[in-house]
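Colleague: This is the structure I have questions about; it appears just below.
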Amino acid sequence: MRNCCFLLFCLFLSTTIQAQKFEFFTDLNLGIPSNSSLKDFHKELTDQVPYENFKTTDNFKYNYGFTTGVRFNRKISAFFSNKVSGAKSSVADYSGYIRLTNELKGYTFGAKYEIIINQYTKGNLLLGFKGLVTSSSLSLKTESKILGTTESSGIDFKSLDFGFGSGITYEYPLNFMVLRAYLDLDIYVGGKLKLEDSSNDGYLMTNNGKKVTTGWSGFNAGIGIAIPIVK
C-alpha cells in the first residue's frame with residue numbers, strides 16, 4: 001500500500017512539473033550593505049593598534065557573490081545565494097607587519113514571487129517579493145611579523161538572519177536563454193553574532209556594550225541568465 005501511494009505521489013509530482021514552465025537561473029551579485037555595526041567594531045579594533053601608519057583598505061563597503069535557483073511558471077522561485085564581505089587594516093615597514101582581517105560570509109536560502117508590471121517588444125519588467133534565511137559566519141584574524149617573529153590568532157562567530165526584500169527585474173529573451181538584470185532592497189532583522197564554539201550567550205560586542213550584528217540589509221544588484229528547462 002505504501003509503495004502504491006509513493007508511486008502515485010511521484011506520478012502526480014512528475015505530471016505537475018511537466019505541466020508548468022520550469023526555468024533554471026544563475027546570477028552574479030554585488031551589494032552595498034549597511035553593516036554599520038561591523039564597521040564600528042572594526043574601527044574600534046584599529047584604534048587599539050599603536051601605529052600611526054595603520055591604514056584601513058576596506059571596511060565592509062560592499063559584498064559580492066552568486067545566486068542559483070529554479071522558477072516555476074515565471075512567478076515562484078526557490079534559490080540559494082552566497083555572498084562575502086569584509087574589512088582589512090594593516091601596516092608594514094622594514095621590521096615587519098601587522099594585519100587585521102574580518103571576513104563575513106552568508107549562505108542564503110530564499111523564495112520569491114514575481115509579477116509582470118510591464119511588457120515590451122523584447123523583454124519584460126517584473127516586480128518581486130521575497131523571504132530570506134541567511135546563515136552567517138564572521139572570522140576575525142590577526143597576523144603579525146615583527147623582527148622575524150611571526151604570530152597569528154583567530155576567532156569565529158556565527159548568526160542566523162531572517163529577512164525580506166523586494167525589487168525589479170528586467171528580462172530579455174536571447175535565443176535559447178533569457179538575460180536578466182535586477183535591483184533589490186533587502187531588509188534583515190536580528191543577526192547578532194555569537195561565538196561559534198560557545199554553548200552559552202557569548203556575543204561579539206562593541207566597547208559601549210552593544211551586540212554586533214551582521215548588517216546584510218541594503219541594496220543588491222545582479223546580472224545573469226535563465227534557461228528554460230520545460231516550456
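Ordered as shown in the C-alpha cells, chains take letters A, B, and onward, while each chain numbers its residues from 1 and ligands are numbered from 1 in the order shown.
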Output as a Markdown table one row per residue of stretch 90-118 of chain A within 12 Å of stretch 178-196 of chain A: the closest atom pair and its distance in Å to one decimal place, counting only C-alpha atoms, sorted by chain and residue number ascending.

Modeller:
| residue | atom | partner | partner_atom | distance |
| --- | --- | --- | --- | --- |
| A:Leu104 | CA | A:Leu193 | CA | 10.6 |
| A:Gly106 | CA | A:Gly191 | CA | 11.0 |
| A:Thr108 | CA | A:Tyr188 | CA | 11.8 |
| A:Gly110 | CA | A:Asp186 | CA | 11.7 |
| A:Lys112 | CA | A:Asp184 | CA | 11.6 |

Colleague: Could you save the residues just selected, with N, CA and C atoms, as an mmCIF file, in the first residue's frame?

Modeller:
data_model
loop_
_atom_site.group_PDB
_atom_site.id
_atom_site.type_symbol
_atom_site.label_atom_id
_atom_site.label_comp_id
_atom_site.auth_asym_id
_atom_site.auth_seq_id
_atom_site.Cartn_x
_atom_site.Cartn_y
_atom_site.Cartn_z
ATOM 1 N N LEU A 104 33.285 38.246 6.470
ATOM 2 C CA LEU A 104 31.899 37.870 6.728
ATOM 3 C C LEU A 104 31.344 37.112 5.525
ATOM 4 N N GLY A 106 27.895 34.790 4.009
ATOM 5 C CA GLY A 106 26.485 34.493 4.187
ATOM 6 C C GLY A 106 26.000 33.474 3.182
ATOM 7 N N THR A 108 22.458 31.973 1.865
ATOM 8 C CA THR A 108 21.044 32.318 1.919
ATOM 9 C C THR A 108 20.177 31.323 1.160
ATOM 10 N N GLY A 110 16.140 31.189 -0.052
ATOM 11 C CA GLY A 110 15.025 32.104 -0.162
ATOM 12 C C GLY A 110 13.972 31.657 -1.152
ATOM 13 N N LYS A 112 10.822 33.528 -3.769
ATOM 14 C CA LYS A 112 10.457 34.800 -4.382
ATOM 15 C C LYS A 112 9.201 34.647 -5.225
#

Colleague: Running DSSP on the backbone, which parts of stretch 55-124 of chain A land in strand (DSSP E or B), as a ChimeraX atom specification?

Modeller: /A:55-59,63-72,76-93,96-119,124

Colleague: What's the 8 Å shell around A:Ser135, counting only C-alpha atoms, without same-chain residues fewer than 6 positions away, as a ChimeraX atom specification?

Modeller: /A:106-108,158-161

Colleague: Keeping only C-alpha atoms, write the selected residues as an mmCIF file, in the first residue's frame.

Modeller:
data_model
loop_
_atom_site.group_PDB
_atom_site.id
_atom_site.type_symbol
_atom_site.label_atom_id
_atom_site.label_comp_id
_atom_site.auth_asym_id
_atom_site.auth_seq_id
_atom_site.Cartn_x
_atom_site.Cartn_y
_atom_site.Cartn_z
ATOM 1 C CA GLY A 106 26.485 34.493 4.187
ATOM 2 C CA TYR A 107 24.632 31.482 2.797
ATOM 3 C CA THR A 108 21.044 32.318 1.919
ATOM 4 C CA LYS A 158 28.034 32.853 13.650
ATOM 5 C CA SER A 159 24.464 34.080 13.334
ATOM 6 C CA LEU A 160 21.139 33.202 11.758
ATOM 7 C CA ASP A 161 19.490 36.101 9.920
#

Colleague: Atom CA of A:Arg99 and atom CA of A:Lys43, how far apart in Å?

Modeller: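 That distance, rounded to one decimal, is 13.5 Å.
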
Colleague: Taking the DSSP secondary structure from the backbone, can you list the residues of stretch 35-221 of chain A that are alpha helix (DSSP H), as an MDAnalysis selection string?

Modeller: chainID A and resid 36:47

Colleague: Tell me which of A:Lys75, A:Lys88, A:Lys211, A:Lys105 sits closest to A:Lys130, counting only C-alpha atoms.

Modeller: A:Lys75

Colleague: Can you tell me, as a short mmCIF file (atom, residue, chain, number, x, y, z; two decimals) with N, CA and C atoms, in the first residue's frame, what residues are no more than 10 Å from A:Pro173 when counting only C-alpha atoms, ignoring any on the same chain fewer than 2 positions away?

Modeller:
data_model
loop_
_atom_site.label_atom_id
_atom_site.label_comp_id
_atom_site.auth_asym_id
_atom_site.auth_seq_id
_atom_site.Cartn_x
_atom_site.Cartn_y
_atom_site.Cartn_z
N LYS A 122 10.58 43.46 -26.74
CA LYS A 122 11.59 42.46 -26.38
C LYS A 122 11.86 42.58 -24.88
N GLY A 123 11.28 41.69 -24.12
CA GLY A 123 11.58 41.67 -22.70
C GLY A 123 10.42 42.08 -21.82
N ASN A 124 10.58 41.80 -20.52
CA ASN A 124 9.57 42.11 -19.51
C ASN A 124 10.21 42.73 -18.29
N GLU A 171 14.06 41.23 -17.93
CA GLU A 171 14.47 40.02 -18.63
C GLU A 171 14.35 40.22 -20.14
N ASN A 175 17.79 33.96 -28.00
CA ASN A 175 17.92 32.58 -28.48
C ASN A 175 17.31 31.61 -27.47
N PHE A 176 18.13 30.67 -26.94
CA PHE A 176 17.61 29.65 -26.05
C PHE A 176 17.63 30.08 -24.58
N MET A 177 18.10 31.30 -24.28
CA MET A 177 18.20 31.74 -22.90
C MET A 177 17.55 33.11 -22.72
N VAL A 178 17.51 33.54 -21.47
CA VAL A 178 16.96 34.85 -21.12
C VAL A 178 18.02 35.60 -20.31
N LEU A 179 18.38 36.80 -20.75
CA LEU A 179 19.31 37.64 -19.99
C LEU A 179 18.54 38.36 -18.89
N ARG A 180 19.16 38.46 -17.72
CA ARG A 180 18.50 39.05 -16.55
C ARG A 180 19.35 40.15 -15.93
N ILE A 225 21.62 34.82 -16.24
CA ILE A 225 20.86 34.19 -17.30
C ILE A 225 19.84 33.23 -16.71
N ALA A 226 18.77 33.00 -17.47
CA ALA A 226 17.78 31.96 -17.14
C ALA A 226 17.65 31.05 -18.34
N ILE A 227 17.59 29.76 -18.09
CA ILE A 227 17.49 28.77 -19.17
C ILE A 227 16.21 27.95 -18.96
#

Colleague: What's the 7 Å shell around A:Ser85, counting only C-alpha atoms, without same-chain residues fewer than 5 positions away, as a ChimeraX atom specification?

Modeller: /A:60,62-64,103-105

Colleague: Those same residues - N, CA, C and O atoms - I'd like them written as a PDB file, in the first residue's frame.

Modeller:
ATOM      1  N   PHE A  60      33.874  46.744   5.031  1.00  0.00           N
ATOM      2  CA  PHE A  60      32.530  46.287   4.704  1.00  0.00           C
ATOM      3  C   PHE A  60      31.804  47.265   3.774  1.00  0.00           C
ATOM      4  O   PHE A  60      30.633  47.591   3.991  1.00  0.00           O
ATOM      5  N   TYR A  62      31.144  46.726   0.533  1.00  0.00           N
ATOM      6  CA  TYR A  62      30.277  46.012  -0.407  1.00  0.00           C
ATOM      7  C   TYR A  62      30.373  44.513  -0.148  1.00  0.00           C
ATOM      8  O   TYR A  62      31.226  44.043   0.601  1.00  0.00           O
ATOM      9  N   ASN A  63      29.473  43.749  -0.765  1.00  0.00           N
ATOM     10  CA  ASN A  63      29.580  42.294  -0.763  1.00  0.00           C
ATOM     11  C   ASN A  63      29.381  41.788  -2.182  1.00  0.00           C
ATOM     12  O   ASN A  63      28.803  42.483  -3.025  1.00  0.00           O
ATOM     13  N   TYR A  64      29.867  40.609  -2.449  1.00  0.00           N
ATOM     14  CA  TYR A  64      29.743  40.033  -3.786  1.00  0.00           C
ATOM     15  C   TYR A  64      29.507  38.529  -3.666  1.00  0.00           C
ATOM     16  O   TYR A  64      29.806  37.917  -2.636  1.00  0.00           O
ATOM     17  N   GLU A 103      36.384  38.733   7.923  1.00  0.00           N
ATOM     18  CA  GLU A 103      35.683  38.213   6.745  1.00  0.00           C
ATOM     19  C   GLU A 103      34.301  37.710   7.134  1.00  0.00           C
ATOM     20  O   GLU A 103      34.169  36.859   8.006  1.00  0.00           O
ATOM     21  N   LEU A 104      33.285  38.246   6.470  1.00  0.00           N
ATOM     22  CA  LEU A 104      31.899  37.870   6.728  1.00  0.00           C
ATOM     23  C   LEU A 104      31.344  37.112   5.525  1.00  0.00           C
ATOM     24  O   LEU A 104      31.425  37.588   4.396  1.00  0.00           O
ATOM     25  N   LYS A 105      30.785  35.924   5.782  1.00  0.00           N
ATOM     26  CA  LYS A 105      30.191  35.113   4.722  1.00  0.00           C
ATOM     27  C   LYS A 105      28.722  34.836   5.047  1.00  0.00           C
ATOM     28  O   LYS A 105      28.365  34.648   6.221  1.00  0.00           O
TER      29      LYS A 105
END

Colleague: Looking at only C-alpha atoms, which of A:Gly218, A:Asp201, A:Ser136, A:Leu125 is the one that sits closest to A:Phe164?

Modeller: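 Using only C-alpha atoms, A:Phe164 sits closest to A:Gly218.
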
Colleague: Using only C-alpha atoms for the distances, tell me which of A:Gly131, A:Pro33, A:Phe24, A:Gly86 is nearest to A:Arg71.

Modeller: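 Ranking A:Gly131, A:Pro33, A:Phe24, A:Gly86 by distance to A:Arg71, first place goes to A:Phe24.
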
Colleague: Which is closer to A:Asn73 than all the others in A:Met205, A:Val91, A:Ile115, A:Leu38, using only C-alpha atoms?

Modeller: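 Comparing A:Met205, A:Val91, A:Ile115, A:Leu38 against A:Asn73, the winner is A:Ile115.
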
Colleague: Can you tell me which residues surround A:Ala78 at a distance of at most 6 Å, considering only C-alpha atoms, apart from same-chain residues fewer than 6 positions away, and format the answer as a list in words?

Modeller: Gly69, Val70, Gly110 and Ala111 of chain A

Colleague: Please, could you write that set of residues out with N, CA and C atoms as a short mmCIF file (atom, residue, chain, number, x, y, z; two decimals), in the first residue's frame?

Modeller:
data_model
loop_
_atom_site.label_atom_id
_atom_site.label_comp_id
_atom_site.auth_asym_id
_atom_site.auth_seq_id
_atom_site.Cartn_x
_atom_site.Cartn_y
_atom_site.Cartn_z
N GLY A 69 19.09 29.16 -8.80
CA GLY A 69 17.79 28.71 -8.37
C GLY A 69 16.92 28.22 -9.51
N VAL A 70 15.68 27.93 -9.19
CA VAL A 70 14.71 27.47 -10.18
C VAL A 70 13.45 28.31 -10.04
N GLY A 110 16.14 31.19 -0.05
CA GLY A 110 15.02 32.10 -0.16
C GLY A 110 13.97 31.66 -1.15
N ALA A 111 12.84 32.33 -1.09
CA ALA A 111 11.74 32.11 -2.03
C ALA A 111 11.26 33.48 -2.52
#

Colleague: Quick one: residues within 12 Å of A:Tyr51, only C-alpha atoms counted, chain neighbours fewer than 3 positions away excluded, as a ChimeraX atom specification?

Modeller: /A:46-48,54-55,89-93,97-99

Colleague: Just the selected residues (N, CA, C and O atoms), exported as a JSON list (two decimals), in the first residue's frame, please.

Modeller:
[["chain", "number", "residue", "atom", "x", "y", "z"],
["A", 46, "THR", "N", 41.01, 48.86, 15.08],
["A", 46, "THR", "CA", 42.15, 49.60, 14.52],
["A", 46, "THR", "C", 42.62, 50.70, 15.46],
["A", 46, "THR", "O", 43.82, 51.02, 15.49],
["A", 47, "ASP", "N", 41.71, 51.28, 16.23],
["A", 47, "ASP", "CA", 42.09, 52.34, 17.17],
["A", 47, "ASP", "C", 42.98, 51.82, 18.28],
["A", 47, "ASP", "O", 43.68, 52.59, 18.95],
["A", 48, "GLN", "N", 42.96, 50.49, 18.50],
["A", 48, "GLN", "CA", 43.77, 49.90, 19.57],
["A", 48, "GLN", "C", 45.19, 49.57, 19.12],
["A", 48, "GLN", "O", 46.02, 49.17, 19.94],
["A", 54, "PHE", "N", 48.90, 52.83, 10.46],
["A", 54, "PHE", "CA", 47.98, 51.70, 10.37],
["A", 54, "PHE", "C", 46.76, 52.13, 9.55],
["A", 54, "PHE", "O", 45.96, 52.96, 9.99],
["A", 55, "LYS", "N", 46.60, 51.56, 8.33],
["A", 55, "LYS", "CA", 45.58, 52.02, 7.40],
["A", 55, "LYS", "C", 44.53, 50.94, 7.13],
["A", 55, "LYS", "O", 44.84, 49.76, 7.09],
["A", 89, "SER", "N", 42.81, 45.95, 7.62],
["A", 89, "SER", "CA", 43.69, 47.05, 8.01],
["A", 89, "SER", "C", 45.09, 46.49, 8.23],
["A", 89, "SER", "O", 45.24, 45.36, 8.72],
["A", 90, "SER", "N", 46.11, 47.28, 7.90],
["A", 90, "SER", "CA", 47.48, 46.77, 8.04],
["A", 90, "SER", "C", 48.50, 47.91, 8.08],
["A", 90, "SER", "O", 48.20, 49.05, 7.71],
["A", 91, "VAL", "N", 49.68, 47.56, 8.52],
["A", 91, "VAL", "CA", 50.84, 48.45, 8.49],
["A", 91, "VAL", "C", 52.07, 47.58, 8.28],
["A", 91, "VAL", "O", 52.13, 46.45, 8.77],
["A", 92, "ALA", "N", 53.04, 48.10, 7.52],
["A", 92, "ALA", "CA", 54.26, 47.33, 7.24],
["A", 92, "ALA", "C", 55.44, 48.27, 7.06],
["A", 92, "ALA", "O", 55.29, 49.37, 6.53],
["A", 93, "ASP", "N", 56.61, 47.84, 7.54],
["A", 93, "ASP", "CA", 57.85, 48.57, 7.29],
["A", 93, "ASP", "C", 59.00, 47.55, 7.29],
["A", 93, "ASP", "O", 58.77, 46.34, 7.21],
["A", 97, "TYR", "N", 55.29, 43.47, 9.87],
["A", 97, "TYR", "CA", 53.93, 43.93, 9.52],
["A", 97, "TYR", "C", 52.94, 43.50, 10.60],
["A", 97, "TYR", "O", 53.19, 42.58, 11.38],
["A", 98, "ILE", "N", 51.79, 44.19, 10.61],
["A", 98, "ILE", "CA", 50.64, 43.81, 11.43],
["A", 98, "ILE", "C", 49.42, 43.90, 10.53],
["A", 98, "ILE", "O", 49.24, 44.88, 9.81],
["A", 99, "ARG", "N", 48.57, 42.88, 10.56],
["A", 99, "ARG", "CA", 47.40, 42.84, 9.68],
["A", 99, "ARG", "C", 46.17, 42.35, 10.44],
["A", 99, "ARG", "O", 46.22, 41.31, 11.12]]

Colleague: For each of A:Thr169, A:Asn82, A:Asn118, A:Ser95, take the minimum atom-to-atom distance to A:Ser137, counting only C-alpha atoms, then give the residue where this is smallest.

Modeller: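 Going through A:Thr169, A:Asn82, A:Asn118, A:Ser95 one by one, the smallest distance to A:Ser137 is for A:Asn82.
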
Colleague: Find, counting only C-alpha atoms, the residue in A:Phe22, A:Tyr203, A:Phe109, A:Phe66 that gets nearest to A:Ala221.

Modeller: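 For A:Ala221, the nearest of the given residues is A:Phe66.
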